[in-house]
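Have a look at start-v7.cif below; it lists mmCIF, C-alpha atoms.
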data_my_file
loop_
_atom_site.group_PDB
_atom_site.id
_atom_site.type_symbol
_atom_site.label_atom_id
_atom_site.label_comp_id
_atom_site.auth_asym_id
_atom_site.auth_seq_id
_atom_site.Cartn_x
_atom_site.Cartn_y
_atom_site.Cartn_z
ATOM 1 C CA MET K 886 75.116 53.118 133.701
ATOM 2 C CA ASN K 887 74.720 51.550 130.276
ATOM 3 C CA TYR K 888 76.810 53.286 127.654
ATOM 4 C CA LYS K 889 75.965 53.619 123.980
ATOM 5 C CA THR K 890 79.206 54.395 122.178
ATOM 6 C CA GLY K 891 79.376 56.727 119.210
ATOM 7 C CA LEU K 892 81.997 57.927 116.745
ATOM 8 C CA VAL K 893 81.602 61.526 115.526
ATOM 9 C CA LEU K 894 83.548 62.572 112.419
ATOM 10 C CA GLU K 895 84.006 66.212 111.428
ATOM 11 C CA GLY K 896 84.454 67.125 107.766
ATOM 12 C CA GLY K 897 87.172 69.357 106.342
ATOM 13 C CA ALA K 898 87.817 68.161 102.767
ATOM 14 C CA MET K 899 91.335 66.703 102.489
ATOM 15 C CA ARG K 900 92.038 67.436 106.157
ATOM 16 C CA GLY K 901 89.990 64.263 106.417
ATOM 17 C CA MET K 902 93.194 62.321 105.716
ATOM 18 C CA PHE K 903 93.929 62.914 109.392
ATOM 19 C CA THR K 904 90.625 61.217 110.219
ATOM 20 C CA CYS K 905 91.516 58.319 107.921
ATOM 21 C CA GLY K 906 94.709 57.736 109.884
ATOM 22 C CA VAL K 907 92.808 57.808 113.163
ATOM 23 C CA ILE K 908 90.077 55.386 112.140
ATOM 24 C CA ASP K 909 92.515 52.952 110.538
ATOM 25 C CA VAL K 910 94.351 52.635 113.868
ATOM 26 C CA LEU K 911 91.043 52.151 115.689
ATOM 27 C CA MET K 912 90.026 49.412 113.263
ATOM 28 C CA GLU K 913 93.427 47.732 113.531
ATOM 29 C CA ASN K 914 92.925 47.613 117.297
ATOM 30 C CA ASN K 915 89.417 46.174 116.938
ATOM 31 C CA ILE K 916 87.724 49.164 118.562
ATOM 32 C CA ARG K 917 84.081 49.122 117.581
ATOM 33 C CA PHE K 918 81.218 51.548 118.171
ATOM 34 C CA ASP K 919 77.466 51.183 118.425
ATOM 35 C CA GLY K 920 77.028 54.009 115.935
ATOM 36 C CA ALA K 921 78.797 56.731 113.972
ATOM 37 C CA ALA K 922 77.915 60.000 112.286
ATOM 38 C CA GLY K 923 79.943 61.673 109.563
ATOM 39 C CA ILE K 924 79.748 65.026 107.853
ATOM 40 C CA SER K 925 81.209 65.706 104.410
ATOM 41 C CA ALA K 926 84.706 64.144 104.362
ATOM 42 C CA GLY K 927 83.780 62.464 107.633
ATOM 43 C CA ALA K 928 80.990 60.707 105.758
ATOM 44 C CA VAL K 929 82.779 59.688 102.560
ATOM 45 C CA PHE K 930 85.916 58.525 104.385
ATOM 46 C CA GLY K 931 84.213 57.319 107.571
ATOM 47 C CA CYS K 932 82.003 54.850 105.714
ATOM 48 C CA ASN K 933 85.084 52.631 105.410
ATOM 49 C CA TYR K 934 84.824 51.977 109.158
ATOM 50 C CA LYS K 935 81.556 50.144 108.678
ATOM 51 C CA SER K 936 82.937 48.244 105.668
ATOM 52 C CA HIS K 937 86.123 47.339 107.632
ATOM 53 C CA GLN K 938 88.373 48.577 104.810
ATOM 54 C CA ILE K 939 91.572 49.634 106.519
ATOM 55 C CA GLY K 940 93.748 51.802 104.267
ATOM 56 C CA ARG K 941 91.226 52.202 101.469
ATOM 57 C CA ALA K 942 90.629 55.959 101.804
ATOM 58 C CA ILE K 943 94.291 56.973 101.857
ATOM 59 C CA ARG K 944 95.047 54.514 99.049
ATOM 60 C CA TYR K 945 92.512 55.786 96.534
ATOM 61 C CA ASN K 946 93.125 59.423 97.393
ATOM 62 C CA LYS K 947 96.852 59.037 96.760
ATOM 63 C CA ASN K 948 96.238 57.046 93.586
ATOM 64 C CA TYR K 949 93.698 59.410 92.031
ATOM 65 C CA CYS K 950 94.275 62.859 93.554
ATOM 66 C CA LYS K 951 95.896 64.052 90.318
ATOM 67 C CA ASP K 952 93.321 62.438 88.043
ATOM 68 C CA PRO K 953 91.149 65.176 86.459
ATOM 69 C CA ARG K 954 88.163 62.842 86.627
ATOM 70 C CA TYR K 955 88.472 62.793 90.413
ATOM 71 C CA CYS K 956 88.891 66.493 91.119
ATOM 72 C CA SER K 957 89.588 69.296 88.641
ATOM 73 C CA TYR K 958 88.396 72.627 87.361
ATOM 74 C CA ARG K 959 87.752 70.849 84.083
ATOM 75 C CA SER K 960 85.223 68.691 85.884
ATOM 76 C CA LEU K 961 83.688 71.780 87.501
ATOM 77 C CA ILE K 962 83.278 73.505 84.126
ATOM 78 C CA LYS K 963 81.945 70.406 82.335
ATOM 79 C CA THR K 964 79.687 68.995 85.039
ATOM 80 C CA GLY K 965 79.191 71.663 87.702
ATOM 81 C CA ASP K 966 81.021 69.486 90.250
ATOM 82 C CA LEU K 967 84.653 69.983 91.218
ATOM 83 C CA TYR K 968 84.734 66.350 92.338
ATOM 84 C CA GLY K 969 83.480 64.304 89.414
ATOM 85 C CA ALA K 970 80.268 62.658 90.582
ATOM 86 C CA ASP K 971 80.301 59.690 88.207
ATOM 87 C CA PHE K 972 83.956 58.939 88.849
ATOM 88 C CA CYS K 973 83.881 59.410 92.632
ATOM 89 C CA TYR K 974 80.573 57.704 93.364
ATOM 90 C CA ARG K 975 80.379 55.020 90.680
ATOM 91 C CA GLU K 976 83.613 54.162 88.885
ATOM 92 C CA LEU K 977 85.875 54.421 91.917
ATOM 93 C CA PRO K 978 83.743 52.477 94.461
ATOM 94 C CA ASP K 979 82.379 49.984 91.912
ATOM 95 C CA VAL K 980 85.443 49.292 89.756
ATOM 96 C CA LEU K 981 88.765 50.928 90.638
ATOM 97 C CA ASP K 982 88.866 50.446 94.423
ATOM 98 C CA PRO K 983 85.701 48.522 95.300
ATOM 99 C CA PHE K 984 83.701 49.516 98.352
ATOM 100 C CA ASP K 985 82.728 46.387 100.300
ATOM 101 C CA LYS K 986 78.965 46.857 100.346
ATOM 102 C CA GLN K 987 78.273 43.403 101.733
ATOM 103 C CA THR K 988 80.432 43.934 104.813
ATOM 104 C CA PHE K 989 78.993 47.437 105.190
ATOM 105 C CA LYS K 990 75.474 46.007 105.145
ATOM 106 C CA ASN K 991 76.246 43.199 107.590
ATOM 107 C CA ASP K 992 78.158 45.269 110.151
ATOM 108 C CA PRO K 993 75.847 46.173 113.067
ATOM 109 C CA MET K 994 77.214 49.696 113.611
ATOM 110 C CA GLU K 995 74.636 52.328 112.703
ATOM 111 C CA PHE K 996 76.056 54.947 110.323
ATOM 112 C CA TYR K 997 74.476 58.373 109.807
ATOM 113 C CA ILE K 998 75.236 61.036 107.227
ATOM 114 C CA GLY K 999 74.220 64.693 107.401
ATOM 115 C CA ALA K 1000 73.501 67.004 104.455
ATOM 116 C CA THR K 1001 72.089 70.539 104.375
ATOM 117 C CA ASP K 1002 68.654 71.054 102.826
ATOM 118 C CA VAL K 1003 68.988 73.801 100.224
ATOM 119 C CA LYS K 1004 65.536 75.269 100.927
ATOM 120 C CA THR K 1005 65.564 75.234 104.731
ATOM 121 C CA GLY K 1006 69.267 75.477 105.522
ATOM 122 C CA LYS K 1007 68.788 72.711 108.110
ATOM 123 C CA CYS K 1008 70.888 69.566 108.405
ATOM 124 C CA VAL K 1009 68.985 66.410 107.498
ATOM 125 C CA TYR K 1010 70.321 63.019 108.549
ATOM 126 C CA HIS K 1011 70.165 59.747 106.686
ATOM 127 C CA LYS K 1012 70.804 56.333 108.214
ATOM 128 C CA CYS K 1013 72.818 54.228 105.791
ATOM 129 C CA THR K 1014 71.727 50.627 105.366
ATOM 130 C CA ASP K 1015 73.513 48.802 102.541
ATOM 131 C CA GLY K 1016 76.165 51.080 101.023
ATOM 132 C CA GLY K 1017 74.202 51.046 97.779
ATOM 133 C CA GLY K 1018 73.128 53.775 95.402
ATOM 134 C CA ASN K 1019 70.922 55.712 97.808
ATOM 135 C CA ASP K 1020 73.550 55.712 100.558
ATOM 136 C CA LEU K 1021 76.201 56.881 98.084
ATOM 137 C CA LEU K 1022 73.881 59.654 96.948
ATOM 138 C CA TRP K 1023 73.650 60.892 100.536
ATOM 139 C CA MET K 1024 77.436 60.673 100.885
ATOM 140 C CA ARG K 1025 77.794 62.760 97.745
ATOM 141 C CA ALA K 1026 75.276 65.287 99.063
ATOM 142 C CA SER K 1027 77.032 65.532 102.420
ATOM 143 C CA ALA K 1028 80.344 66.292 100.687
ATOM 144 C CA SER K 1029 79.021 68.668 98.007
ATOM 145 C CA MET K 1030 80.756 71.935 98.812
ATOM 146 C CA PRO K 1031 78.758 75.070 97.935
ATOM 147 C CA ILE K 1032 79.864 76.838 94.751
ATOM 148 C CA ALA K 1033 82.150 73.891 93.908
ATOM 149 C CA SER K 1034 79.187 71.503 93.544
ATOM 150 C CA LYS K 1035 75.656 71.333 92.254
ATOM 151 C CA PRO K 1036 72.949 70.593 94.816
ATOM 152 C CA VAL K 1037 72.221 66.875 94.957
ATOM 153 C CA ARG K 1038 68.572 65.994 94.488
ATOM 154 C CA ILE K 1039 67.222 63.191 96.674
ATOM 155 C CA GLY K 1040 63.475 62.630 96.519
ATOM 156 C CA ASP K 1041 61.679 65.971 96.573
ATOM 157 C CA SER K 1042 64.581 67.904 98.136
ATOM 158 C CA ALA K 1043 68.063 69.078 97.185
ATOM 159 C CA TYR K 1044 71.109 69.088 99.443
ATOM 160 C CA LEU K 1045 74.608 70.481 99.844
ATOM 161 C CA ASP K 1046 77.483 69.993 102.286
ATOM 162 C CA GLY K 1047 76.328 68.984 105.755
ATOM 163 C CA GLY K 1048 79.013 71.153 107.313
ATOM 164 C CA ILE K 1049 77.080 74.290 106.388
ATOM 165 C CA ALA K 1050 74.544 73.537 109.119
ATOM 166 C CA ASP K 1051 76.184 70.956 111.411
ATOM 167 C CA SER K 1052 79.955 70.585 111.141
ATOM 168 C CA ILE K 1053 80.438 68.383 114.221
ATOM 169 C CA PRO K 1054 77.345 66.204 114.715
ATOM 170 C CA TYR K 1055 77.784 65.303 118.383
ATOM 171 C CA GLU K 1056 74.434 66.812 119.424
ATOM 172 C CA TYR K 1057 72.658 64.695 116.822
ATOM 173 C CA MET K 1058 74.312 61.565 118.187
ATOM 174 C CA GLU K 1059 73.359 62.553 121.716
ATOM 175 C CA SER K 1060 69.754 63.001 120.579
ATOM 176 C CA LEU K 1061 69.785 59.348 119.492
ATOM 177 C CA GLY K 1062 70.998 58.205 122.892
ATOM 178 C CA TYR K 1063 74.720 57.896 122.189
ATOM 179 C CA ASN K 1064 76.174 58.985 125.514
ATOM 180 C CA ARG K 1065 79.797 57.877 125.200
ATOM 181 C CA ASN K 1066 81.150 59.628 122.126
ATOM 182 C CA VAL K 1067 84.575 59.780 120.538
ATOM 183 C CA ILE K 1068 84.848 62.963 118.477
ATOM 184 C CA VAL K 1069 87.455 63.247 115.721
ATOM 185 C CA LEU K 1070 88.219 66.848 114.727
ATOM 186 C CA THR K 1071 90.353 68.037 111.820
ATOM 187 C CA GLN K 1072 91.471 71.327 113.362
ATOM 188 C CA PRO K 1073 93.882 71.681 116.322
ATOM 189 C CA LYS K 1074 92.922 72.920 119.760
ATOM 190 C CA GLY K 1075 92.504 76.689 119.798
ATOM 191 C CA TYR K 1076 91.322 76.970 116.195
ATOM 192 C CA VAL K 1077 88.680 79.668 115.684
ATOM 193 C CA LYS K 1078 86.750 79.792 112.426
ATOM 194 C CA LYS K 1079 86.522 83.207 110.790
ATOM 195 C CA LYS K 1080 83.552 84.692 108.961
ATOM 196 C CA SER K 1081 83.298 83.667 105.310
ATOM 197 C CA PRO K 1082 84.020 86.366 102.718
ATOM 198 C CA PHE K 1083 80.888 88.198 101.625
ATOM 199 C CA ILE K 1084 81.567 87.224 98.006
ATOM 200 C CA ILE K 1085 80.675 83.632 98.907
ATOM 201 C CA GLN K 1086 77.258 84.714 100.099
ATOM 202 C CA MET K 1087 76.791 86.736 96.913
ATOM 203 C CA ALA K 1088 77.709 83.702 94.807
ATOM 204 C CA LEU K 1089 75.001 81.708 96.587
ATOM 205 C CA HIS K 1090 72.191 84.216 96.013
ATOM 206 C CA LYS K 1091 70.095 81.530 94.269
ATOM 207 C CA TYR K 1092 70.024 79.624 97.553
ATOM 208 C CA PRO K 1093 69.241 82.183 100.296
ATOM 209 C CA ALA K 1094 69.100 79.601 103.096
ATOM 210 C CA ILE K 1095 72.540 78.308 102.130
ATOM 211 C CA ALA K 1096 73.898 81.860 101.833
ATOM 212 C CA GLU K 1097 72.602 82.612 105.330
ATOM 213 C CA GLY K 1098 74.093 79.375 106.621
ATOM 214 C CA MET K 1099 77.491 80.293 105.214
ATOM 215 C CA ALA K 1100 77.228 83.778 106.726
ATOM 216 C CA ASN K 1101 76.594 82.295 110.185
ATOM 217 C CA ARG K 1102 78.730 79.205 109.885
ATOM 218 C CA HIS K 1103 81.639 80.576 111.890
ATOM 219 C CA VAL K 1104 79.340 81.399 114.810
ATOM 220 C CA ILE K 1105 77.763 77.934 114.819
ATOM 221 C CA TYR K 1106 81.079 76.164 114.368
ATOM 222 C CA ASN K 1107 82.857 78.033 117.143
ATOM 223 C CA ARG K 1108 79.909 77.378 119.456
ATOM 224 C CA GLN K 1109 80.101 73.679 118.605
ATOM 225 C CA VAL K 1110 83.812 73.594 119.420
ATOM 226 C CA GLU K 1111 83.006 75.139 122.804
ATOM 227 C CA GLY K 1112 80.467 72.371 123.345
ATOM 228 C CA VAL K 1113 83.005 69.718 122.379
ATOM 229 C CA GLU K 1114 85.575 71.133 124.787
ATOM 230 C CA LYS K 1115 83.022 71.279 127.620
ATOM 231 C CA ARG K 1116 82.108 67.644 127.090
ATOM 232 C CA GLU K 1117 85.775 66.740 126.936
ATOM 233 C CA ALA K 1118 86.489 68.548 130.213
ATOM 234 C CA ASP K 1119 83.499 66.869 131.876
ATOM 235 C CA GLY K 1120 84.593 63.422 130.723
ATOM 236 C CA GLN K 1121 81.480 62.993 128.580
ATOM 237 C CA ALA K 1122 83.394 62.803 125.311
ATOM 238 C CA PHE K 1123 86.848 61.770 124.147
ATOM 239 C CA VAL K 1124 88.349 64.095 121.541
ATOM 240 C CA ILE K 1125 91.054 63.267 118.997
ATOM 241 C CA ARG K 1126 92.401 66.285 117.130
ATOM 242 C CA PRO K 1127 95.550 67.210 115.177
ATOM 243 C CA PRO K 1128 98.396 68.383 117.418
ATOM 244 C CA GLU K 1129 98.889 71.339 115.066
ATOM 245 C CA LYS K 1130 97.322 72.801 111.958
ATOM 246 C CA ILE K 1131 97.410 70.385 109.038
ATOM 247 C CA GLY K 1132 99.256 72.014 106.146
ATOM 248 C CA ILE K 1133 97.075 70.684 103.390
ATOM 249 C CA GLY K 1134 94.826 72.190 100.747
ATOM 250 C CA ARG K 1135 91.098 71.458 100.580
ATOM 251 C CA THR K 1136 91.675 69.827 97.193
ATOM 252 C CA GLU K 1137 95.234 68.666 97.834
ATOM 253 C CA LYS K 1138 96.900 66.903 94.895
ATOM 254 C CA ASP K 1139 100.270 66.121 96.452
ATOM 255 C CA PRO K 1140 100.311 62.443 97.526
ATOM 256 C CA GLU K 1141 103.144 63.125 99.978
ATOM 257 C CA LYS K 1142 101.094 65.775 101.798
ATOM 258 C CA LEU K 1143 98.113 63.436 101.918
ATOM 259 C CA GLU K 1144 100.333 60.732 103.372
ATOM 260 C CA LYS K 1145 101.756 63.151 105.946
ATOM 261 C CA ALA K 1146 98.260 64.139 107.143
ATOM 262 C CA TYR K 1147 97.286 60.467 107.288
ATOM 263 C CA ARG K 1148 100.420 59.589 109.276
ATOM 264 C CA THR K 1149 99.696 62.436 111.681
ATOM 265 C CA GLY K 1150 96.289 60.887 112.332
ATOM 266 C CA ARG K 1151 97.810 57.465 112.893
ATOM 267 C CA LEU K 1152 100.408 58.772 115.327
ATOM 268 C CA GLU K 1153 97.848 60.736 117.321
ATOM 269 C CA ALA K 1154 95.500 57.760 117.536
ATOM 270 C CA GLU K 1155 98.335 55.490 118.656
ATOM 271 C CA ARG K 1156 99.386 58.061 121.268
ATOM 272 C CA VAL K 1157 95.950 58.302 122.888
ATOM 273 C CA LEU K 1158 94.974 54.643 122.460
ATOM 274 C CA PRO K 1159 95.398 53.639 126.136
ATOM 275 C CA GLU K 1160 93.286 56.608 127.298
ATOM 276 C CA LEU K 1161 90.693 55.863 124.628
ATOM 277 C CA ARG K 1162 90.400 52.240 125.721
ATOM 278 C CA ALA K 1163 89.852 53.375 129.307
ATOM 279 C CA PHE K 1164 87.219 55.886 128.204
ATOM 280 C CA LEU K 1165 85.319 53.181 126.322
ATOM 281 C CA GLY K 1166 85.637 50.754 129.212
ATOM 282 C CA LEU K 1167 87.776 48.322 127.239
ATOM 283 C CA GLU K 1168 90.405 47.931 129.952
#

Can the structure from this file be put into structure tokens for me?
Amino acid sequence: MNYKTGLVLEGGAMRGMFTCGVIDVLMENNIRFDGAAGISAGAVFGCNYKSHQIGRAIRYNKNYCKDPRYCSYRSLIKTGDLYGADFCYRELPDVLDPFDKQTFKNDPMEFYIGATDVKTGKCVYHKCTDGGGNDLLWMRASASMPIASKPVRIGDSAYLDGGIADSIPYEYMESLGYNRNVIVLTQPKGYVKKKSPFIIQMALHKYPAIAEGMANRHVIYNRQVEGVEKREADGQAFVIRPPEKIGIGRTEKDPEKLEKAYRTGRLEAERVLPELRAFLGLE
């Protein structure tokens, strides 16, 4: 059987530092995939896989996590975005810690990003091509948390966080023919998502499809985890997850905690590396 290998990256805000540790180890060991799909943090951190930039995500997060231009309530009040859009998606990747767009463009791995359509509540996927302005706009949309961000307008539609509709995009990858998937989660085994507080739905009354998505998100997420575990048990997917709950805030500003989450990801990836190689047929 011919295998088409895929990398599936869950979101989770700064829990994504775990993912950064995992993918850095994979890159260091020259493990490549035919394609990848990222949601939210999985998109904005995972893009560094295609640009081959080992260490970039943990580096800039540690350097700028306390910078109010990066993430602050001041930014939320002034711009409507907790994470400053101009700083995060222009100044940082263009000037402060350059994103290697040329390598991203030339690398053959297909890279998909999911964002939730504000009107329909459905996840829409975008295939990144060159790491340029349009791709960065989709990354921003995928990571735009409801309430903490304004919807991102792309073409005739507006989008918010992809995790509202599709937190773990393994089914999307399967629909494209990726039949040998490595899934990186940011919650430990046994985690069960709880229903969002009703006040969140009330705060999203302007966007009824998003409010409904948030109301049902725990049901969809928990069902997806069941699907991941079934595929893992059947040998159809290889899952890398934290060994225990990551003690980190969604907008963590402590560089030491970010480093600890990153190191946890590295250690877990190093631990499972022989099994992963066997799964991918590299041994």

Determine, for each residue of region 1061-1096 of chain K having at least one atom at most 12 Å from an atom of region 1015-1030 of chain K, the closest pair of atoms and their separation in Å to one decimal, counting all atoms listed in the file; order by chain and ascending number, as CSV.
residue,atom,partner,partner_atom,distance
K:Ile1085,CA,K:Met1030,CA,11.7
K:Leu1089,CA,K:Met1030,CA,11.6
K:Ile1095,CA,K:Met1030,CA,10.9

> Could you list as JSON, numbers by chain every residue that has an atom within 12 Å of (92.7, 78.2, 121.6), using the file's coordinates and counting all atoms listed in the file?
Replying inline: {"K": [1072, 1073, 1074, 1075, 1076, 1077, 1078, 1107, 1110, 1111, 1114, 1129, 1130]}

>> At a cut-off of 12 Å, using all atoms listed in the file, what residues contact region 1065-1067 of chain K? Leave out same-chain residues fewer than 6 positions from it and give the result as a PyMOL selection string.
In response: chain K and resi 886-895+907-908+911+916-922+1053-1059+1113+1116-1117+1119-1126+1154+1157-1158+1160-1166

What does the file look like for those residues with C-alpha atoms, as a compact mmCIF listing (two decimals), keeping the file's coordinate frame?
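See selection22.txt below for the written result:
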# COMPACT_ATOMS: atom_id res chain seq x y z
CA MET K 886 75.12 53.12 133.70
CA ASN K 887 74.72 51.55 130.28
CA TYR K 888 76.81 53.29 127.65
CA LYS K 889 75.96 53.62 123.98
CA THR K 890 79.21 54.40 122.18
CA GLY K 891 79.38 56.73 119.21
CA LEU K 892 82.00 57.93 116.74
CA VAL K 893 81.60 61.53 115.53
CA LEU K 894 83.55 62.57 112.42
CA GLU K 895 84.01 66.21 111.43
CA VAL K 907 92.81 57.81 113.16
CA ILE K 908 90.08 55.39 112.14
CA LEU K 911 91.04 52.15 115.69
CA ILE K 916 87.72 49.16 118.56
CA ARG K 917 84.08 49.12 117.58
CA PHE K 918 81.22 51.55 118.17
CA ASP K 919 77.47 51.18 118.42
CA GLY K 920 77.03 54.01 115.94
CA ALA K 921 78.80 56.73 113.97
CA ALA K 922 77.92 60.00 112.29
CA ILE K 1053 80.44 68.38 114.22
CA PRO K 1054 77.34 66.20 114.72
CA TYR K 1055 77.78 65.30 118.38
CA GLU K 1056 74.43 66.81 119.42
CA TYR K 1057 72.66 64.69 116.82
CA MET K 1058 74.31 61.56 118.19
CA GLU K 1059 73.36 62.55 121.72
CA VAL K 1113 83.00 69.72 122.38
CA ARG K 1116 82.11 67.64 127.09
CA GLU K 1117 85.78 66.74 126.94
CA ASP K 1119 83.50 66.87 131.88
CA GLY K 1120 84.59 63.42 130.72
CA GLN K 1121 81.48 62.99 128.58
CA ALA K 1122 83.39 62.80 125.31
CA PHE K 1123 86.85 61.77 124.15
CA VAL K 1124 88.35 64.10 121.54
CA ILE K 1125 91.05 63.27 119.00
CA ARG K 1126 92.40 66.28 117.13
CA ALA K 1154 95.50 57.76 117.54
CA VAL K 1157 95.95 58.30 122.89
CA LEU K 1158 94.97 54.64 122.46
CA GLU K 1160 93.29 56.61 127.30
CA LEU K 1161 90.69 55.86 124.63
CA ARG K 1162 90.40 52.24 125.72
CA ALA K 1163 89.85 53.38 129.31
CA PHE K 1164 87.22 55.89 128.20
CA LEU K 1165 85.32 53.18 126.32
CA GLY K 1166 85.64 50.75 129.21

> Got a sec: who's within 8 Å of region 962-975 of chain K, counting only C-alpha atoms, leaving out chain neighbours fewer than 2 positions off, as a PyMOL selection string?
Replying inline: chain K and resi 954-960+977-980+1021-1022+1025+1033-1035

> Mind telling me what the PyMOL selection byres ((chain K and resi 1004) around 9) catches here, as a PyMOL selection string?
Replying inline: chain K and resi 1001-1003+1005-1007+1042-1044+1092-1095

Written selection (C-alpha atoms) as an mmCIF file, keeping the file's coordinate frame:
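Generated output (selection-v4.cif):
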data_model
loop_
_atom_site.group_PDB
_atom_site.id
_atom_site.type_symbol
_atom_site.label_atom_id
_atom_site.label_comp_id
_atom_site.auth_asym_id
_atom_site.auth_seq_id
_atom_site.Cartn_x
_atom_site.Cartn_y
_atom_site.Cartn_z
ATOM 1 C CA THR K 1001 72.089 70.539 104.375
ATOM 2 C CA ASP K 1002 68.654 71.054 102.826
ATOM 3 C CA VAL K 1003 68.988 73.801 100.224
ATOM 4 C CA THR K 1005 65.564 75.234 104.731
ATOM 5 C CA GLY K 1006 69.267 75.477 105.522
ATOM 6 C CA LYS K 1007 68.788 72.711 108.110
ATOM 7 C CA SER K 1042 64.581 67.904 98.136
ATOM 8 C CA ALA K 1043 68.063 69.078 97.185
ATOM 9 C CA TYR K 1044 71.109 69.088 99.443
ATOM 10 C CA TYR K 1092 70.024 79.624 97.553
ATOM 11 C CA PRO K 1093 69.241 82.183 100.296
ATOM 12 C CA ALA K 1094 69.100 79.601 103.096
ATOM 13 C CA ILE K 1095 72.540 78.308 102.130
#

> Within 9 Å of Asn1101 (chain K), counting only C-alpha atoms, which residues qualify if same-chain residues fewer than 3 places away don't, as a PyMOL selection string?
Replying inline: chain K and resi 1049+1080-1081+1096-1098+1104-1106

> For Met1099 (chain K), which of K:Leu1152, K:Ala1118, K:Ile1084, K:Met912 is the closest residue, counting only C-alpha atoms?
Replying inline: K:Ile1084

List as a compact mmCIF listing (two decimals) with C-alpha atoms, in the coordinates of the input the protein and nucleic acid residues near Gly906 (chain K), meaning an atom at most 9 Å away when only C-alpha atoms are counted, but skip any in the same chain fewer than 5 places from it.
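That gives us result-v6.txt:
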# COMPACT_ATOMS: atom_id res chain seq x y z
CA GLY K 901 89.99 64.26 106.42
CA LEU K 911 91.04 52.15 115.69
CA GLY K 940 93.75 51.80 104.27
CA ILE K 943 94.29 56.97 101.86
CA ALA K 1146 98.26 64.14 107.14
CA TYR K 1147 97.29 60.47 107.29
CA ARG K 1148 100.42 59.59 109.28
CA THR K 1149 99.70 62.44 111.68
CA GLY K 1150 96.29 60.89 112.33
CA ARG K 1151 97.81 57.46 112.89
CA LEU K 1152 100.41 58.77 115.33
CA GLU K 1153 97.85 60.74 117.32
CA ALA K 1154 95.50 57.76 117.54

>> Please compute the CA of Asn991 (chain K)-CA of Tyr1010 (chain K) distance, one decimal, in Å.
In response: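 Separating CA of Asn991 (chain K) from CA of Tyr1010 (chain K) is a distance of 20.7 Å.
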
>> Given only C-alpha atoms as the basis, pick out the residue of K:Val910, K:Asp982, K:Asp1046, K:Thr904 nearest to Tyr949 (chain K).
In response: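 Answer, going by the shortest atom-to-atom distance: K:Asp982.
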
> Counting all atoms listed in the file, what is within 10 Å of Pro1140 (chain K), bar same-chain residues fewer than 2 positions away, as a list in words?
Replying inline: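 Listing them by chain and then by number gives Ile943, Arg944, Asn946, Lys947, Asn948, Tyr949, Cys950, Lys951, Glu1137, Lys1138, Lys1142, Leu1143, Glu1144, Lys1145 and Ala1146 of chain K.
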
>> To one decimal place in Å, what is the distance between CA of Arg1135 (chain K) and CA of Leu1045 (chain K)?
In response: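 Here the two named atoms are 16.5 Å from each other.
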
>> Let me make sure I understand: among K:Ala1100, K:Cys905, K:Cys932, K:Ile1039, which one has the smallest atom-to-atom distance to Met994 (chain K) if we use all atoms listed in the file?
In response: K:Cys932

> Of the candidates K:His1103, K:His1011, K:His1090, K:Lys1079, which one gets nearest to Gly923 (chain K) if we count all atoms listed in the file?
Replying inline: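 Closest residue, counting all atoms listed in the file: K:His1011.
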
> Between CA of Ala898 (chain K) and CA of Tyr945 (chain K), what is the distance, to one decimal in Å?
Replying inline: 14.6 Å

> Between K:Arg1102, K:Lys1115, K:Arg900, K:Lys990, which has the minimum distance to Phe930 (chain K) (counting all atoms listed in the file)?
Replying inline: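 Looking at the shortest contact to Phe930 (chain K), the residue is K:Arg900.
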
Assuming the input is short of atoms at region 1120-1126 of chain K, produce N, CA, C and O atoms for that part as a compact mmCIF listing (two decimals), in the frame of the given file.
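What follows is the written file part-v6.txt:
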# COMPACT_ATOMS: atom_id res chain seq x y z
N GLY K 1120 84.43 64.86 130.87
CA GLY K 1120 84.59 63.42 130.72
C GLY K 1120 83.46 62.75 129.98
O GLY K 1120 83.35 61.52 129.97
N GLN K 1121 82.61 63.55 129.32
CA GLN K 1121 81.48 62.99 128.58
C GLN K 1121 81.86 62.57 127.17
O GLN K 1121 81.14 61.80 126.53
N ALA K 1122 82.95 63.12 126.66
CA ALA K 1122 83.39 62.80 125.31
C ALA K 1122 84.91 62.69 125.30
O ALA K 1122 85.60 63.29 126.12
N PHE K 1123 85.41 61.91 124.34
CA PHE K 1123 86.85 61.77 124.15
C PHE K 1123 87.17 62.38 122.80
O PHE K 1123 86.58 62.00 121.78
N VAL K 1124 88.08 63.34 122.77
CA VAL K 1124 88.35 64.10 121.54
C VAL K 1124 89.74 63.76 121.00
O VAL K 1124 90.72 63.77 121.73
N ILE K 1125 89.78 63.47 119.70
CA ILE K 1125 91.05 63.27 119.00
C ILE K 1125 91.16 64.37 117.96
O ILE K 1125 90.28 64.51 117.10
N ARG K 1126 92.22 65.14 118.03
CA ARG K 1126 92.40 66.28 117.13
C ARG K 1126 93.87 66.37 116.70
O ARG K 1126 94.76 65.84 117.39
